[in-house]
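Content type compact mmCIF, C-alpha atoms, from the file query.txt:
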```txt
# COMPACT_ATOMS: atom_id res chain seq x y z
CA MET A 300 172.29 -129.08 164.79
CA ASN A 301 170.19 -127.06 162.36
CA VAL A 302 169.78 -123.40 163.30
CA ALA A 303 168.02 -120.74 161.26
CA PHE A 304 168.78 -117.10 161.97
CA ILE A 305 166.07 -114.76 160.75
CA VAL A 306 167.15 -111.19 160.18
CA ASN A 307 165.80 -108.18 158.36
CA ASN A 308 168.93 -107.87 156.21
CA LEU A 309 172.64 -108.63 156.28
CA GLY A 310 173.75 -105.03 155.79
CA ASN A 311 175.88 -102.96 158.11
CA SER A 312 174.77 -103.32 161.72
CA GLU A 313 176.16 -104.47 165.04
CA LEU A 314 173.80 -107.42 165.01
CA THR A 315 174.72 -108.78 161.58
CA TYR A 316 178.44 -108.22 162.22
CA ASP A 317 178.34 -110.16 165.50
CA LEU A 318 176.09 -112.82 164.05
CA ILE A 319 178.03 -113.60 160.87
CA LYS A 320 181.35 -113.42 162.70
CA GLU A 321 180.11 -115.99 165.20
CA ILE A 322 178.54 -118.19 162.51
CA ASN A 323 181.85 -118.26 160.64
CA LYS A 324 183.63 -119.29 163.85
CA SER A 325 181.17 -122.07 164.70
CA PRO A 326 181.50 -124.90 162.17
CA ASP A 327 179.80 -127.37 164.53
CA ILE A 328 176.48 -125.53 164.14
CA SER A 329 174.70 -125.98 160.84
CA SER A 330 173.70 -122.34 160.39
CA ASN A 331 171.20 -120.95 157.90
CA ILE A 332 170.47 -117.27 157.47
CA PHE A 333 167.09 -116.12 156.20
CA PHE A 334 166.74 -112.44 155.40
CA GLN A 335 163.74 -110.31 154.53
CA ASN A 336 165.52 -107.64 152.49
CA HIS A 337 168.55 -108.18 150.32
CA LEU A 338 171.51 -105.94 151.12
CA PRO A 339 175.23 -106.62 150.54
CA PRO A 340 176.40 -108.51 153.66
CA ILE A 341 178.78 -106.80 156.04
CA ILE A 342 180.89 -110.03 156.07
CA ILE A 343 180.43 -112.93 153.66
CA PRO A 344 178.66 -115.67 155.68
CA GLU A 345 180.09 -119.16 155.33
CA CYS A 346 176.68 -120.77 155.43
CA LEU A 347 173.41 -120.89 153.57
CA SER A 348 171.98 -117.39 153.18
CA MET A 349 168.68 -116.97 151.39
CA ASN A 350 165.38 -115.16 151.25
CA ILE A 351 162.86 -115.69 154.05
CA SER A 352 160.66 -117.82 151.74
CA GLY A 353 163.10 -120.70 152.36
CA LEU A 354 162.05 -120.87 156.01
CA SER A 355 158.81 -122.69 155.27
CA GLY A 356 160.42 -126.14 155.00
CA PHE A 357 162.94 -125.65 157.76
CA LYS A 358 163.31 -128.00 160.75
CA GLY A 359 165.43 -127.21 163.78
CA LYS A 360 165.94 -124.10 165.90
CA ALA A 361 164.69 -120.79 164.55
CA VAL A 362 166.26 -117.69 166.06
CA ALA A 363 164.86 -114.19 165.72
CA PHE A 364 166.42 -110.99 166.99
CA ASP A 365 163.47 -108.62 166.77
CA LEU A 366 159.69 -108.69 166.97
CA GLN A 367 159.16 -108.47 163.22
CA SER A 368 161.29 -111.55 162.55
CA ALA A 369 159.64 -113.34 165.45
CA ALA A 370 156.24 -112.65 163.92
CA LEU A 371 157.49 -114.12 160.63
CA ILE A 372 158.60 -117.34 162.34
CA ASP A 373 155.25 -117.54 164.10
CA GLU A 374 153.31 -117.01 160.87
CA THR A 375 155.36 -119.56 158.93
CA ASN A 376 154.02 -122.35 161.12
CA CYS A 377 157.07 -124.53 160.55
CA LYS A 378 158.18 -127.18 163.01
CA THR A 379 160.88 -125.25 164.79
CA GLU A 380 162.06 -124.60 168.30
CA ASN A 381 161.52 -120.85 168.50
CA ILE A 382 164.10 -118.64 170.16
CA LEU A 383 164.10 -114.87 170.49
CA TYR A 384 167.32 -113.06 171.36
CA LEU A 385 165.94 -109.56 171.91
CA TYR A 386 168.53 -107.09 170.71
CA ASN A 387 166.34 -104.05 171.23
CA LEU A 388 163.30 -103.48 173.43
CA GLU A 389 161.16 -102.15 170.63
CA TRP A 390 158.10 -101.35 172.68
CA LEU A 391 160.03 -98.60 174.47
CA TYR A 392 160.52 -96.68 171.23
CA ASN A 393 157.48 -97.56 169.12
CA VAL A 394 153.77 -97.64 169.78
CA ILE A 395 152.89 -101.33 169.70
CA ASN A 396 149.82 -103.30 170.62
CA TYR A 397 150.65 -104.78 174.03
CA LYS A 398 148.46 -107.86 173.86
CA MET A 399 149.64 -108.90 170.39
CA CYS A 400 153.26 -108.41 171.41
CA VAL A 401 152.94 -110.41 174.64
CA ASP A 402 151.13 -113.24 172.85
CA LEU A 403 153.98 -113.35 170.35
CA LEU A 404 156.71 -113.28 173.01
CA ASN A 405 155.01 -116.11 174.88
CA LYS A 406 155.61 -118.40 171.92
CA PHE A 407 159.38 -118.01 172.18
CA LYS A 408 162.19 -118.89 174.53
CA ILE A 409 163.59 -115.46 175.31
CA TYR A 410 167.19 -114.35 175.84
CA ALA A 411 167.99 -110.81 176.99
CA ARG A 412 171.23 -108.90 176.44
CA SER A 413 171.64 -107.64 180.00
CA ALA A 414 170.17 -107.83 183.48
CA SER A 415 168.39 -104.50 183.02
CA HIS A 416 166.86 -105.73 179.75
CA LYS A 417 165.82 -108.90 181.56
CA ASN A 418 164.00 -106.87 184.24
CA ILE A 419 162.16 -104.85 181.63
CA ILE A 420 161.14 -107.97 179.67
CA GLN A 421 160.02 -109.70 182.87
CA ASN A 422 157.91 -106.70 183.80
CA PHE A 423 156.48 -106.57 180.28
CA THR A 424 155.61 -110.25 179.91
CA GLY A 425 155.25 -111.39 183.51
CA ARG A 426 157.54 -114.34 182.67
CA LYS A 427 160.33 -115.42 185.00
CA ASP A 428 162.24 -117.69 182.62
CA ILE A 429 164.21 -115.03 180.75
CA GLU A 430 167.93 -115.81 180.41
CA VAL A 431 170.70 -113.27 180.07
CA VAL A 432 173.42 -113.71 177.48
CA GLY A 433 175.83 -110.81 177.26
CA SER A 434 177.32 -111.50 173.84
CA MET A 435 176.73 -113.38 170.61
CA LYS A 436 179.49 -115.81 171.62
CA GLU A 437 177.65 -116.71 174.81
CA PHE A 438 174.42 -117.02 172.85
CA PHE A 439 176.01 -119.56 170.50
CA GLU A 440 177.20 -121.53 173.51
CA CYS A 441 173.58 -121.64 174.72
CA LEU A 442 172.49 -122.98 171.33
CA ASN A 443 174.84 -125.94 171.55
CA MET B 205 112.76 -91.01 170.65
CA LYS B 206 115.61 -89.96 168.34
CA ILE B 207 118.77 -88.63 169.92
CA LEU B 208 121.74 -87.00 168.22
CA VAL B 209 124.96 -86.98 170.27
CA ASP B 210 128.29 -85.27 169.58
CA ASN B 211 131.04 -87.80 169.02
CA SER B 212 132.99 -86.38 171.97
CA LEU B 213 130.14 -87.56 174.22
CA LEU B 214 129.98 -91.21 173.21
CA ASP B 215 129.87 -92.31 176.85
CA ILE B 216 126.35 -90.85 176.95
CA ALA B 217 125.37 -92.35 173.61
CA THR B 218 126.08 -95.93 174.72
CA PRO B 219 123.54 -96.09 177.59
CA ALA B 220 120.98 -94.35 175.36
CA ALA B 221 121.47 -97.03 172.70
CA TYR B 222 121.32 -99.72 175.41
CA CYS B 223 117.91 -98.34 176.44
CA ASN B 224 116.72 -98.77 172.83
CA PHE B 225 116.55 -95.09 171.98
CA GLN B 226 117.40 -94.34 168.37
CA VAL B 227 120.87 -92.80 168.71
CA SER B 228 122.93 -91.12 166.00
CA VAL B 229 126.40 -89.70 166.41
CA LEU B 230 127.42 -86.33 165.03
CA ASN B 231 130.93 -86.86 163.72
CA ARG B 232 132.11 -83.77 161.88
CA SER B 233 135.11 -85.56 160.36
CA THR B 234 132.96 -88.05 158.46
CA THR B 235 129.55 -86.42 157.93
CA PRO B 236 128.57 -82.81 157.17
CA VAL B 237 126.62 -81.31 160.06
CA TYR B 238 123.54 -80.54 157.91
CA ASP B 239 123.45 -84.15 156.63
CA ALA B 240 123.82 -85.54 160.14
CA PHE B 241 120.90 -83.45 161.42
CA ASP B 242 118.76 -84.23 158.34
CA ILE B 243 119.39 -87.99 158.50
CA ALA B 244 118.96 -88.26 162.27
CA ASN B 245 116.05 -85.79 162.44
CA PRO B 246 116.53 -85.77 166.22
CA ASP B 247 114.08 -85.00 168.99
CA ILE B 248 116.99 -84.41 171.37
CA TYR B 249 120.46 -83.06 170.65
CA ILE B 250 123.17 -83.62 173.26
CA GLY B 251 126.09 -81.45 172.19
CA ASP B 252 129.50 -80.34 173.26
CA LEU B 253 129.78 -76.55 173.64
CA ASN B 254 133.50 -76.79 172.93
CA ASN B 255 132.73 -78.26 169.49
CA LEU B 256 129.88 -75.89 168.71
CA THR B 257 130.03 -74.53 165.16
CA THR B 258 127.91 -72.06 163.22
CA SER B 259 126.36 -74.91 161.23
CA VAL B 260 125.28 -76.69 164.42
CA LEU B 261 123.89 -73.38 165.64
CA LYS B 262 121.88 -72.96 162.40
CA ASN B 263 120.50 -76.47 162.65
CA ILE B 264 119.39 -75.88 166.23
CA GLU B 265 117.74 -72.58 165.24
CA GLU B 266 115.95 -74.26 162.33
CA ARG B 267 114.36 -76.83 164.66
CA PRO B 268 112.30 -75.03 167.29
CA ALA B 269 110.90 -78.32 168.63
CA LEU B 270 114.36 -79.76 169.21
CA ARG B 271 115.25 -80.26 172.88
CA ILE B 272 118.92 -79.63 173.52
CA PHE B 273 121.33 -80.32 176.32
CA MET B 274 124.84 -78.91 176.10
CA VAL B 275 128.03 -79.90 177.88
CA GLY B 276 131.00 -77.58 178.36
CA SER B 277 131.73 -73.96 179.03
CA GLU B 278 128.98 -71.48 178.10
CA THR B 279 131.43 -68.59 177.99
CA THR B 280 132.53 -69.21 174.39
CA GLU B 281 131.36 -66.80 171.67
CA LEU B 282 129.17 -69.38 169.95
CA ALA B 283 127.65 -70.49 173.24
CA LYS B 284 126.65 -66.87 173.88
CA LYS B 285 125.20 -66.65 170.34
CA LEU B 286 123.21 -69.82 170.99
CA LYS B 287 121.85 -68.31 174.19
CA GLN B 288 120.84 -65.16 172.35
CA SER B 289 119.00 -67.03 169.61
CA ILE B 290 117.13 -69.72 171.59
CA GLY B 291 117.26 -68.33 175.13
CA ALA B 292 118.59 -70.17 178.17
CA PHE B 293 119.28 -73.85 177.57
CA PRO B 294 120.09 -76.67 179.97
CA TYR B 295 123.78 -77.37 180.19
CA CYS B 296 126.49 -78.59 182.54
CA ASN B 297 130.14 -77.59 182.71
CA GLY B 298 131.40 -81.12 182.54
CA PHE B 299 130.71 -84.36 184.27
CA ASP B 300 132.41 -87.21 185.91
CA PHE B 301 130.88 -90.66 185.71
CA ALA B 302 131.80 -94.30 185.33
CA ASP B 303 131.16 -96.07 182.04
CA ILE B 304 129.25 -99.02 183.40
CA LEU B 305 128.72 -100.76 180.06
CA LYS B 306 132.43 -100.78 179.32
CA TYR B 307 133.83 -101.58 182.75
CA SER B 308 131.27 -103.42 184.89
CA LYS B 309 131.73 -106.79 183.16
CA ALA B 310 135.54 -106.78 183.22
CA ASN B 311 137.11 -110.11 184.21
CA TYR B 312 140.29 -110.99 186.06
CA ASN B 313 143.03 -112.08 183.67
CA SER B 314 146.25 -113.41 185.21
CA SER B 315 148.36 -112.43 182.20
CA LEU B 316 147.31 -108.80 182.69
CA ALA B 317 147.81 -108.80 186.48
CA THR B 318 150.07 -106.10 187.90
CA ASP B 319 150.79 -104.47 191.23
CA ILE B 320 150.53 -100.99 189.76
CA VAL B 321 149.19 -100.06 186.37
CA ALA B 322 149.02 -96.69 184.67
CA ILE B 323 146.62 -96.46 181.77
CA GLU B 324 146.73 -93.17 179.97
CA GLU B 325 143.59 -92.41 178.03
CA TYR B 326 144.34 -88.80 178.92
CA PRO B 327 147.89 -87.65 179.87
CA ILE B 328 148.91 -88.23 183.50
CA ASP B 329 151.29 -85.74 185.12
CA ASN B 330 154.76 -86.84 186.31
CA LEU B 331 154.41 -90.37 184.95
CA GLU B 332 157.92 -90.34 183.46
CA LYS B 333 159.56 -89.20 186.68
CA VAL B 334 158.41 -91.90 189.07
CA TYR B 335 160.05 -95.33 189.35
CA PHE B 336 159.03 -98.12 191.70
CA PRO B 337 161.03 -101.01 193.24
CA ILE B 338 161.95 -103.61 190.67
CA ASP B 339 160.11 -106.45 192.46
CA LEU B 340 156.77 -104.75 191.76
CA THR B 341 155.08 -105.36 188.44
CA TYR B 342 154.42 -101.89 187.11
CA ARG B 343 153.15 -101.39 183.58
CA ILE B 344 152.45 -98.14 181.81
CA PHE B 345 150.07 -98.12 178.86
CA SER B 346 149.27 -95.08 176.83
CA ASN B 347 146.81 -94.61 174.04
CA CYS B 348 147.81 -91.00 173.48
CA ARG B 349 151.64 -90.79 173.43
CA LEU B 350 154.99 -92.55 173.82
CA VAL B 351 155.97 -92.49 177.48
CA ASN B 352 159.68 -92.15 178.13
CA HIS B 353 159.89 -94.77 180.90
CA SER B 354 161.40 -98.25 181.11
CA ASN B 355 158.07 -99.66 182.27
CA TYR B 356 156.23 -98.36 179.22
CA CYS B 357 154.43 -101.26 177.54
CA GLY B 358 152.74 -99.69 174.52
CA LEU B 359 149.12 -99.42 173.60
CA LEU B 360 146.29 -101.30 175.27
CA ILE B 361 143.19 -101.90 173.20
CA ASP B 362 139.95 -100.54 174.62
CA SER B 363 138.40 -103.95 175.28
CA LEU B 364 141.30 -104.92 177.61
CA ILE B 365 141.39 -101.78 179.74
CA GLY B 366 138.68 -103.07 182.07
CA SER B 367 140.32 -106.49 182.50
CA THR B 368 143.69 -104.86 183.15
CA LEU B 369 142.23 -102.64 185.86
CA LYS B 370 140.30 -105.58 187.31
CA SER B 371 143.53 -107.65 187.45
CA SER B 372 145.60 -104.91 189.11
CA LYS B 373 145.88 -103.84 192.72
CA CYS B 374 146.45 -100.12 192.22
CA SER B 375 146.08 -97.82 189.26
CA ILE B 376 147.54 -94.46 188.40
CA VAL B 377 144.84 -92.65 186.48
CA ASN B 378 143.88 -89.32 185.09
CA PRO B 379 141.14 -87.73 187.29
CA LYS B 380 138.65 -88.43 184.46
CA ASN B 381 139.14 -92.18 184.90
CA VAL B 382 139.01 -92.50 188.69
CA LEU B 383 135.43 -93.78 188.77
CA ASN B 384 136.09 -96.39 186.06
CA SER B 385 138.98 -97.75 188.10
CA ILE B 386 136.79 -97.96 191.20
CA LEU B 387 134.19 -99.85 189.19
CA CYS B 388 136.89 -102.43 188.34
CA ASP B 389 137.90 -102.85 192.03
CA CYS B 390 141.30 -101.28 191.39
CA PHE B 391 142.30 -98.59 193.87
CA PRO B 392 142.97 -95.37 191.94
CA VAL B 393 145.56 -92.70 192.67
CA THR B 394 145.94 -89.62 190.54
CA GLU B 395 149.52 -88.84 191.54
CA PRO B 396 152.16 -91.50 190.74
CA GLU B 397 154.09 -90.74 193.94
CA LYS B 398 151.20 -91.98 196.06
CA ALA B 399 150.93 -95.41 194.46
CA ILE B 400 153.27 -97.21 196.87
CA GLU B 401 151.44 -95.82 199.88
CA ALA B 402 148.12 -96.96 198.40
CA LEU B 403 149.56 -100.39 197.65
CA ASN B 404 150.74 -100.85 201.24
CA THR B 405 147.41 -99.82 202.75
CA ASP B 406 144.37 -102.03 203.00
CA ASN B 407 141.84 -100.06 200.98
CA SER B 408 139.34 -102.85 200.40
CA ALA B 409 136.62 -101.40 202.68
CA LEU B 410 137.00 -97.92 201.23
CA LEU B 411 137.00 -99.32 197.70
CA LYS B 412 133.82 -101.28 198.38
CA GLN B 413 132.11 -98.18 199.76
CA LEU B 414 133.24 -96.05 196.81
CA LYS B 415 132.05 -98.68 194.35
CA GLU B 416 128.61 -98.68 195.93
CA GLU B 417 128.49 -94.89 195.67
CA VAL B 418 129.47 -95.07 192.00
CA LEU B 419 126.85 -97.70 191.23
CA ASN B 420 124.20 -95.73 193.10
CA SER B 421 124.78 -92.32 191.59
CA ARG B 422 127.82 -91.86 189.35
CA THR B 423 127.36 -93.97 186.23
CA ASN B 424 126.74 -92.80 182.68
CA PHE B 425 123.15 -94.05 183.06
CA HIS B 426 122.69 -91.58 185.93
CA MET B 427 124.12 -88.85 183.71
CA LEU B 428 121.70 -89.68 180.90
CA ALA B 429 118.79 -89.75 183.38
CA GLU B 430 119.90 -86.34 184.70
CA ILE B 431 119.95 -84.96 181.14
CA PHE B 432 116.42 -86.27 180.55
CA ASN B 433 115.28 -84.72 183.83
CA GLN B 434 116.77 -81.35 182.90
CA ILE B 435 114.98 -81.28 179.54
CA GLY B 436 111.71 -82.35 181.13
CA LEU B 437 111.54 -85.98 180.04
CA TYR B 438 110.87 -87.48 183.47
CA ALA B 439 109.38 -90.79 182.27
CA GLU B 440 112.43 -91.44 180.07
CA ALA B 441 114.73 -90.60 182.99
CA ASN B 442 112.99 -93.21 185.15
CA PHE B 443 113.13 -95.73 182.30
CA VAL B 444 116.91 -95.27 182.04
CA LEU B 445 117.35 -95.78 185.79
CA ASP B 446 115.19 -98.92 185.65
CA LYS B 447 117.39 -100.27 182.86
CA LEU B 448 120.43 -99.61 185.05
CA LYS B 449 118.87 -101.64 187.87
CA ASP B 450 118.40 -104.56 185.45
CA LEU B 451 122.01 -104.22 184.36
CA ILE B 452 123.42 -104.25 187.89
```
Encoded form (structure tokens):
Amino acid sequence: MNVAFIVNNLGNSELTYDLIKEINKSPDISSNIFFQNHLPPIIIPECLSMNISGLSGFKGKAVAFDLQSAALIDETNCKTENILYLYNLEWLYNVINYKMCVDLLNKFKIYARSASHKNIIQNFTGRKDIEVVGSMKEFFECLN
Amino acid sequence: MKILVDNSLLDIATPAAYCNFQVSVLNRSTTPVYDAFDIANPDIYIGDLNNLTTSVLKNIEERPALRIFMVGSETTELAKKLKQSIGAFPYCNGFDFADILKYSKANYNSSLATDIVAIEEYPIDNLEKVYFPIDLTYRIFSNCRLVNHSNYCGLLIDSLIGSTLKSSKCSIVNPKNVLNSILCDCFPVTEPEKAIEALNTDNSALLKQLKEEVLNSRTNFHMLAEIFNQIGLYAEANFVLDKLKDLI
């Protein structure tokens, strides 16, 4: 199974650490990492890791972890099954355009990190199909 | 008829433009005051006393034929100077009206539907402190600040405010927006704590009655007609009210 993970960079963060660790432990998933900014990775990923421009010809599942990456997947118009694992609820900390954000979220299957995140996302989008996955390990199980 | 309106009073400029008057907006951040007056060469100036400057004062003094109507407190220094130089002028302290052009044609939109919605065009007191049961859809939008609340949803563009109110059962609003909410058939409360009570009460009859009152006397067209009446333009005032009837 082809899965593309779209991240801002592979530098030091909880997200990239969890992600690369799980990718390296999951040989049955054909993982690809596409990053927007090049930074030395926190762990060396044992999979393809390249600039976001490579996403244009990709087929399979495309996973974003934030709104910016989700927007990139949406704009690329590639034939992918779009998944958004929302690590942070960005609208609580930044001024964002509600309508644009909801329209974007509605194009993705959404996973939340906790029940409280799920409630907030449900209230924000009005959608009832949000799933909760507590860890990156559980998320990879959902991808299988 | 050429009208110059302060940019803080755009709600009055829109019905004037709708009635085919030649309307210009005095925006100090983009156009020098002298240029604005020279280009518009207005017959009527509708100004904000809180934004009165010496250059506006000079321009008014230089045009003895100019009819003016001022909004705001007349106790400021410049307001007193204006009174000294041109004598008593028609003014009002402030006004409360519904923007019928912006809100009367709002449509229901299921994706914007909520049980309670708070739309901050002006800050609302205690918004951060009040939480509602989780089974209620409660969204907070603010165009003026970040609200520290888990139901905060960001910024709502102007063109969607009407539809959001129309699609919601109850709204928490600043007192300045109460009439707009009524126009959109959304029951307004000004204190967040009272939203649940309003939601659990059947307010449809009251809302219908209030909406009729707003349409009959509290729209920005009525305000413009009142301004025309106060500066002695009775035919124009009637024309504005006729236009409102066509609109409704």
Worksheet item: Once you count only C-alpha atoms, which residues of chain B turn out to be within 8 Å of chain A? Could you give them as a PyMOL selection string?
Response: chain B and resi 315+338+341-343+350-361
Quick one: 8 Å padding each side, axis-aligned, all listed atoms of stretch 395-400 of chain A - centre and edge lengths in Å to one decimal, as AutoDock Vina command-line options?
```
--center_x 150.9 --center_y -105.1 --center_z 171.9 --size_x 20.8 --size_y 23.6 --size_z 20.3
```
Discussion item. Could you check the closest approach to B:Leu411 for each of B:Thr280, B:Gln226, B:Asn245, B:Ser385 and tell me which residue wins, using all atoms listed in the file?
Written reply: B:Ser385
Discussion item. Applying 9 Å and only C-alpha atoms, which residues near A:Asp317 remain after dropping the ones on its own chain fewer than 4 positions away? List them as a list in words.
Written reply: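 Close residues of A:Asp317: Ser312, Glu313, Glu321, Ile322, Ser434, Met435 and Lys436 of chain A.
Residues within 9 Å of stretch 260-263 of chain B, counting all atoms listed in the file and excluding same-chain residues fewer than 5 positions away, are Val237, Tyr238, Phe241, Leu282, Ala283, Lys285, Leu286 and Ser289 of chain B.
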